[in-house]
Amino acid sequence: MPEAPEVETLRRGLESFAVGRPMGPPRLGRARIFRDMESPEVLQGLLDGAVFSSIRRHGKFLILDISRDDLGESGLVLILHMGMSGQLRASAVCGLQAMRVAHAHLTFCFLDHTEVAFIDPRTFGRVYLDRLADGESLPPTLSHLGPDILLSQHPFAKLRDRAVDSRVWIKKMLLDQCLVAGIGNMYADEVLFGSRIDPRREGRSLSRSEFDSMEATAAEVLNRAVKLGGSSLADRSYRDIDGDLGRFQNEHLAYGREGEPCPRCATEIVRIVSGGRSSFFCPSCQG
Ligand SMILES: [Zn+2]
């Protein structure tokens with residue numbers, strides 16, 4: 001599943017491709033990605049003649065600000081979530097994309113005949129409209145999310161407050177998007193490895209300096225991941241807007257490395273499964 005670095009890579013690609021480029025009506029496909037909308041057909045009238053004035057991201061969500069001459073900055077935003085395997089793909093020639101790529105469920109068609117398609121074979125992705133309240137940067141449907149892991153100065157502030165008296169595993173807390181937004185299974189394991197913290201530790205057992213260490217590690221790991229265009233795993237389902245694979249998977253130290261020697265102490269990396277999720281860690285140097 002794309003996490004903050006992958007979604008940020010998509011955001012940057014979409015920003016440089018789509019912002020300010022006038023659109024015609026989009027092509028709509030399979031309804032399941034529109035399950036949060038009463039009538040997705042409304043997008044055809046709304047986006048016809050509109051531009052995206054900016055492309056933002058919070059956690060794993062993309063926020064596309066819609067602007068139209070007749071509405072100005074409308075406060076209307078289109079929210080995209082990639083789900084398990086959603087992709088955005090830009091194409092220079094309108095129409096070719098749809099013929100070439102199956103599972104394009106929403107295609108933004110620009111007046112200069114370029115397009116961007118939301119492709120999602122498993123349809124766990126989501127697309128819906130929301131509206132910003134005055135002075136708010138996040139729409140109501142995203143206001144429950146915790147601080148963004150890449151944008152916030154102290155992304156773990158809320159997590160740390162909640163952890164004080166929590167017996168929940170720190171790994172599980174890191175995945176709670178209401179506490180910190182943008183971390184999934186892959187980067188949680190990398191952050192815990194980098195901070196030498198066992199994923200099974202109860203939140204309340206972590207010291208202040210361990211939280212500081214996690215914050216520093218997260219900034220380092222996730223920014224490096226953004227620089228390398230995110231992580232593409234074995235299924236190669238994650239690609240950037242041009243269809244290129246990410247490269248950070250080559251620098252994973254713990255995630256997906258069961259049975260391999262720990263890069264710090266050479267003990268075998270182990271995998272445990274809890275709540276249907278795998279955790280990879282070094283049983284020796286993550287205390
Ligand atoms: Zn180790």
# chains A, B, ... in the order shown; residues from 1 in each chain; ligands from 1
>>> residues_near_ligand(ligand="ligand 1", cutoff="10 Å", atoms="only C-alpha atoms and all ligand atoms", output="ChimeraX atom specification")
/A:193,196,254,261-269,281-287
>>> write_last_selection(atoms="N, CA and C atoms", output="short mmCIF file (atom, residue, chain, number, x, y, z; two decimals), in the first residue's frame")
data_model
loop_
_atom_site.label_atom_id
_atom_site.label_comp_id
_atom_site.auth_asym_id
_atom_site.auth_seq_id
_atom_site.Cartn_x
_atom_site.Cartn_y
_atom_site.Cartn_z
N PHE A 193 13.23 0.02 13.37
CA PHE A 193 14.57 -0.56 13.25
C PHE A 193 15.63 0.53 13.46
N ARG A 196 15.98 1.44 16.99
CA ARG A 196 16.30 0.30 17.86
C ARG A 196 15.19 0.00 18.87
N ALA A 254 15.06 -3.57 7.35
CA ALA A 254 14.36 -4.62 8.09
C ALA A 254 13.15 -5.15 7.32
N PRO A 261 20.75 -11.29 7.54
CA PRO A 261 21.46 -10.76 8.69
C PRO A 261 21.14 -9.28 8.94
N CYS A 262 20.94 -8.95 10.21
CA CYS A 262 20.73 -7.54 10.59
C CYS A 262 21.96 -6.73 10.16
N PRO A 263 21.75 -5.60 9.46
CA PRO A 263 22.89 -4.81 9.00
C PRO A 263 23.71 -4.22 10.15
N ARG A 264 23.14 -4.22 11.37
CA ARG A 264 23.89 -3.66 12.51
C ARG A 264 24.66 -4.73 13.27
N CYS A 265 23.96 -5.89 13.53
CA CYS A 265 24.59 -6.86 14.44
C CYS A 265 24.63 -8.28 13.87
N ALA A 266 24.15 -8.46 12.66
CA ALA A 266 24.22 -9.74 11.94
C ALA A 266 23.29 -10.84 12.48
N THR A 267 22.51 -10.54 13.53
CA THR A 267 21.47 -11.48 13.96
C THR A 267 20.41 -11.57 12.85
N GLU A 268 19.78 -12.74 12.72
CA GLU A 268 18.76 -12.87 11.67
C GLU A 268 17.55 -11.99 11.96
N ILE A 269 17.11 -11.26 10.95
CA ILE A 269 15.86 -10.49 11.04
C ILE A 269 14.70 -11.49 11.12
N PHE A 281 11.82 -7.32 12.28
CA PHE A 281 12.72 -6.60 13.18
C PHE A 281 13.88 -7.49 13.60
N CYS A 282 14.89 -6.87 14.23
CA CYS A 282 16.04 -7.62 14.75
C CYS A 282 15.79 -7.91 16.22
N PRO A 283 15.70 -9.18 16.59
CA PRO A 283 15.39 -9.53 17.98
C PRO A 283 16.54 -9.21 18.91
N SER A 284 17.69 -8.87 18.37
CA SER A 284 18.86 -8.63 19.21
C SER A 284 19.08 -7.14 19.50
N CYS A 285 19.07 -6.31 18.46
CA CYS A 285 19.42 -4.91 18.73
C CYS A 285 18.23 -3.97 18.77
N GLN A 286 17.00 -4.49 18.65
CA GLN A 286 15.82 -3.66 18.87
C GLN A 286 15.25 -4.05 20.24
N GLY A 287 15.56 -3.27 21.24
CA GLY A 287 15.20 -3.65 22.59
C GLY A 287 13.93 -3.00 23.10
#
>>> closest_residue(among="A:Ser16, A:Ser237, A:Ser137, A:Asn185", to="Met82 (chain A)", atoms="only C-alpha atoms")
A:Ser237
>>> atom_distance(atom1="CA of Ala218 (chain A)", atom2="CA of Ile197 (chain A)")
12.7 Å
>>> residues_around(residues="Gly184 (chain A)", least_positions_apart="3", cutoff="7 Å", atoms="only C-alpha atoms", output="NGL selection string")
:A and (3 or 175 or 187-188)
>>> residues_around(residues="region 165-167 of chain A", least_positions_apart="5", cutoff="9 Å", atoms="only C-alpha atoms", output="PyMOL selection string")
chain A and resi 201-205
>>> residues_around(residues="Gln44 (chain A)", least_positions_apart="2", cutoff="9 Å", atoms="only C-alpha atoms", output="PyMOL selection string")
chain A and resi 24-28+40-42+46-48
>>> select_by_dssp(residues="region 15-93 of chain A", states="strand (DSSP E or B)", output="number ranges by chain")
A: 19, 23, 27-28, 50-58, 61-68, 72-81, 87-91
>>> closest_residue(among="A:Asp148, A:Glu210, A:Glu115, A:Asp65", to="Arg131 (chain A)", atoms="only C-alpha atoms")
A:Asp65
>>> residues_around(residues="region 128-130 of chain A", least_positions_apart="6", cutoff="12 Å", atoms="only C-alpha atoms", output="PyMOL selection string")
chain A and resi 31-43+46-47+61-66+74-81+106+137-143
>>> write_last_selection(atoms="N, CA and C atoms", output="compact mmCIF listing (two decimals), in the first residue's frame")
# COMPACT_ATOMS: atom_id res chain seq x y z
N ALA A 31 -17.57 1.90 -10.67
CA ALA A 31 -18.19 2.70 -9.62
C ALA A 31 -17.58 2.48 -8.23
N ARG A 32 -16.90 1.35 -8.02
CA ARG A 32 -16.50 1.05 -6.64
C ARG A 32 -15.56 2.09 -6.03
N ILE A 33 -14.69 2.70 -6.83
CA ILE A 33 -13.82 3.73 -6.24
C ILE A 33 -14.61 4.98 -5.87
N PHE A 34 -15.84 5.08 -6.39
CA PHE A 34 -16.69 6.24 -6.09
C PHE A 34 -17.69 5.94 -4.98
N ARG A 35 -17.41 4.92 -4.17
CA ARG A 35 -18.42 4.48 -3.20
C ARG A 35 -18.76 5.54 -2.15
N ASP A 36 -17.88 6.56 -2.00
CA ASP A 36 -18.19 7.63 -1.04
C ASP A 36 -18.95 8.79 -1.68
N MET A 37 -19.35 8.63 -2.93
CA MET A 37 -20.08 9.71 -3.62
C MET A 37 -21.47 9.23 -3.98
N GLU A 38 -22.45 10.14 -3.82
CA GLU A 38 -23.81 9.78 -4.21
C GLU A 38 -23.91 9.61 -5.73
N SER A 39 -23.39 10.62 -6.46
CA SER A 39 -23.44 10.52 -7.92
C SER A 39 -22.14 11.04 -8.52
N PRO A 40 -21.24 10.12 -8.86
CA PRO A 40 -19.95 10.52 -9.43
C PRO A 40 -20.10 11.31 -10.73
N GLU A 41 -21.27 11.16 -11.39
CA GLU A 41 -21.49 11.87 -12.66
C GLU A 41 -21.36 13.39 -12.49
N VAL A 42 -21.55 13.87 -11.26
CA VAL A 42 -21.44 15.31 -11.01
C VAL A 42 -20.05 15.83 -11.39
N LEU A 43 -19.05 14.93 -11.37
CA LEU A 43 -17.68 15.33 -11.70
C LEU A 43 -17.58 15.79 -13.16
N LEU A 46 -18.63 19.38 -13.18
CA LEU A 46 -17.81 20.20 -12.28
C LEU A 46 -16.39 20.41 -12.81
N LEU A 47 -15.81 19.36 -13.36
CA LEU A 47 -14.41 19.48 -13.81
C LEU A 47 -14.30 20.04 -15.23
N PHE A 61 -3.51 10.69 1.78
CA PHE A 61 -4.56 11.28 0.94
C PHE A 61 -4.01 12.40 0.07
N LEU A 62 -4.46 12.44 -1.18
CA LEU A 62 -4.18 13.58 -2.05
C LEU A 62 -5.40 14.49 -2.04
N ILE A 63 -5.14 15.79 -2.00
CA ILE A 63 -6.21 16.79 -1.97
C ILE A 63 -6.02 17.69 -3.19
N LEU A 64 -6.95 17.61 -4.14
CA LEU A 64 -6.85 18.38 -5.38
C LEU A 64 -7.81 19.56 -5.28
N ASP A 65 -7.26 20.78 -5.23
CA ASP A 65 -8.09 21.98 -5.12
C ASP A 65 -8.64 22.35 -6.49
N ILE A 66 -9.96 22.46 -6.55
CA ILE A 66 -10.63 22.72 -7.84
C ILE A 66 -10.93 24.20 -7.97
N SER A 74 -13.13 27.55 -5.31
CA SER A 74 -14.47 27.14 -4.90
C SER A 74 -14.51 26.55 -3.49
N GLY A 75 -13.35 26.18 -2.97
CA GLY A 75 -13.35 25.44 -1.70
C GLY A 75 -13.64 23.97 -1.93
N LEU A 76 -14.00 23.65 -3.18
CA LEU A 76 -14.25 22.24 -3.48
C LEU A 76 -12.93 21.52 -3.69
N VAL A 77 -12.82 20.35 -3.11
CA VAL A 77 -11.61 19.56 -3.27
C VAL A 77 -11.99 18.14 -3.67
N LEU A 78 -11.16 17.57 -4.52
CA LEU A 78 -11.32 16.18 -4.87
C LEU A 78 -10.29 15.41 -4.06
N ILE A 79 -10.77 14.40 -3.33
CA ILE A 79 -9.88 13.62 -2.47
C ILE A 79 -9.59 12.28 -3.14
N LEU A 80 -8.31 11.93 -3.20
CA LEU A 80 -7.91 10.64 -3.77
C LEU A 80 -7.16 9.83 -2.73
N HIS A 81 -7.52 8.56 -2.60
CA HIS A 81 -6.76 7.64 -1.76
C HIS A 81 -6.42 6.43 -2.62
N LEU A 106 -11.00 6.58 -13.44
CA LEU A 106 -11.28 8.01 -13.54
C LEU A 106 -10.13 8.60 -14.34
N SER A 137 -7.53 24.20 6.05
CA SER A 137 -6.77 23.64 4.93
C SER A 137 -7.14 22.18 4.69
N LEU A 138 -7.66 21.52 5.74
CA LEU A 138 -8.10 20.13 5.57
C LEU A 138 -9.62 20.09 5.52
N PRO A 139 -10.17 19.31 4.58
CA PRO A 139 -11.62 19.17 4.51
C PRO A 139 -12.14 18.36 5.70
N PRO A 140 -13.44 18.48 6.00
CA PRO A 140 -14.01 17.81 7.18
C PRO A 140 -13.74 16.30 7.22
N THR A 141 -13.75 15.65 6.07
CA THR A 141 -13.57 14.19 6.08
C THR A 141 -12.13 13.78 6.44
N LEU A 142 -11.20 14.74 6.46
CA LEU A 142 -9.82 14.39 6.81
C LEU A 142 -9.38 15.03 8.13
N SER A 143 -10.31 15.72 8.79
CA SER A 143 -9.92 16.48 9.97
C SER A 143 -9.55 15.60 11.16
>>> closest_residue(among="A:Ala50, A:Ala157, A:Ala163, A:Ile272", to="Ala181 (chain A)", atoms="only C-alpha atoms")
A:Ala157
>>> closest_residue(among="A:Pro5, A:Gly59, A:Gly29, A:Gly72", to="Asp120 (chain A)", atoms="only C-alpha atoms")
A:Gly29
>>> residues_around(residues="Ala4 (chain A)", least_positions_apart="2", cutoff="7 Å", atoms="only C-alpha atoms", output="MDAnalysis selection string")
chainID A and resid 2 6:8 59:60 182:183
>>> select_by_dssp(residues="region 199-264 of chain A", states="helix (DSSP H, G or I)", output="list of chain:residue names")
A:Gly203, A:Arg204, A:Ser205, A:Arg208, A:Ser209, A:Glu210, A:Phe211, A:Asp212, A:Ser213, A:Met214, A:Glu215, A:Ala216, A:Thr217, A:Ala218, A:Ala219, A:Glu220, A:Val221, A:Leu222, A:Asn223, A:Arg224, A:Ala225, A:Val226, A:Lys227, A:Phe248, A:Gln249, A:Asn250, A:Glu251
>>> atom_distance(atom1="CA of Ala104 (chain A)", atom2="CA of His144 (chain A)")
29.5 Å
>>> closest_residue(among="A:Trp169, A:Phe211, A:Phe248, A:Phe118", to="Leu10 (chain A)", atoms="only C-alpha atoms")
A:Phe118
>>> closest_atom_pairs(of="region 66-120 of chain A", to="region 242-246 of chain A", cutoff="9 Å", atoms="only C-alpha atoms", output="Markdown table")
| residue | atom | partner | partner_atom | distance |
| --- | --- | --- | --- | --- |
| A:Gln87 | CA | A:Gly243 | CA | 8.9 |
| A:Leu88 | CA | A:Asp242 | CA | 8.5 |
| A:Arg89 | CA | A:Asp242 | CA | 6.0 |
| A:Ala90 | CA | A:Asp242 | CA | 6.0 |
| A:Ser91 | CA | A:Asp242 | CA | 7.9 |
>>> write_last_selection(atoms="N, CA and C atoms", output="PDB file, in the first residue's frame")
ATOM      1  N   GLN A  87      -2.936   3.640  -8.741  1.00  0.00           N
ATOM      2  CA  GLN A  87      -1.851   4.334  -9.424  1.00  0.00           C
ATOM      3  C   GLN A  87      -2.406   5.541 -10.160  1.00  0.00           C
ATOM      4  N   LEU A  88      -1.562   6.547 -10.342  1.00  0.00           N
ATOM      5  CA  LEU A  88      -1.891   7.657 -11.233  1.00  0.00           C
ATOM      6  C   LEU A  88      -0.919   7.578 -12.392  1.00  0.00           C
ATOM      7  N   ARG A  89      -1.433   7.734 -13.600  1.00  0.00           N
ATOM      8  CA  ARG A  89      -0.548   7.620 -14.743  1.00  0.00           C
ATOM      9  C   ARG A  89      -0.849   8.722 -15.745  1.00  0.00           C
ATOM     10  N   ALA A  90       0.189   9.486 -16.069  1.00  0.00           N
ATOM     11  CA  ALA A  90       0.028  10.569 -17.038  1.00  0.00           C
ATOM     12  C   ALA A  90       0.278  10.042 -18.441  1.00  0.00           C
ATOM     13  N   SER A  91      -0.408  10.635 -19.384  1.00  0.00           N
ATOM     14  CA  SER A  91      -0.229  10.221 -20.771  1.00  0.00           C
ATOM     15  C   SER A  91      -0.337  11.443 -21.667  1.00  0.00           C
TER      16      SER A  91
END
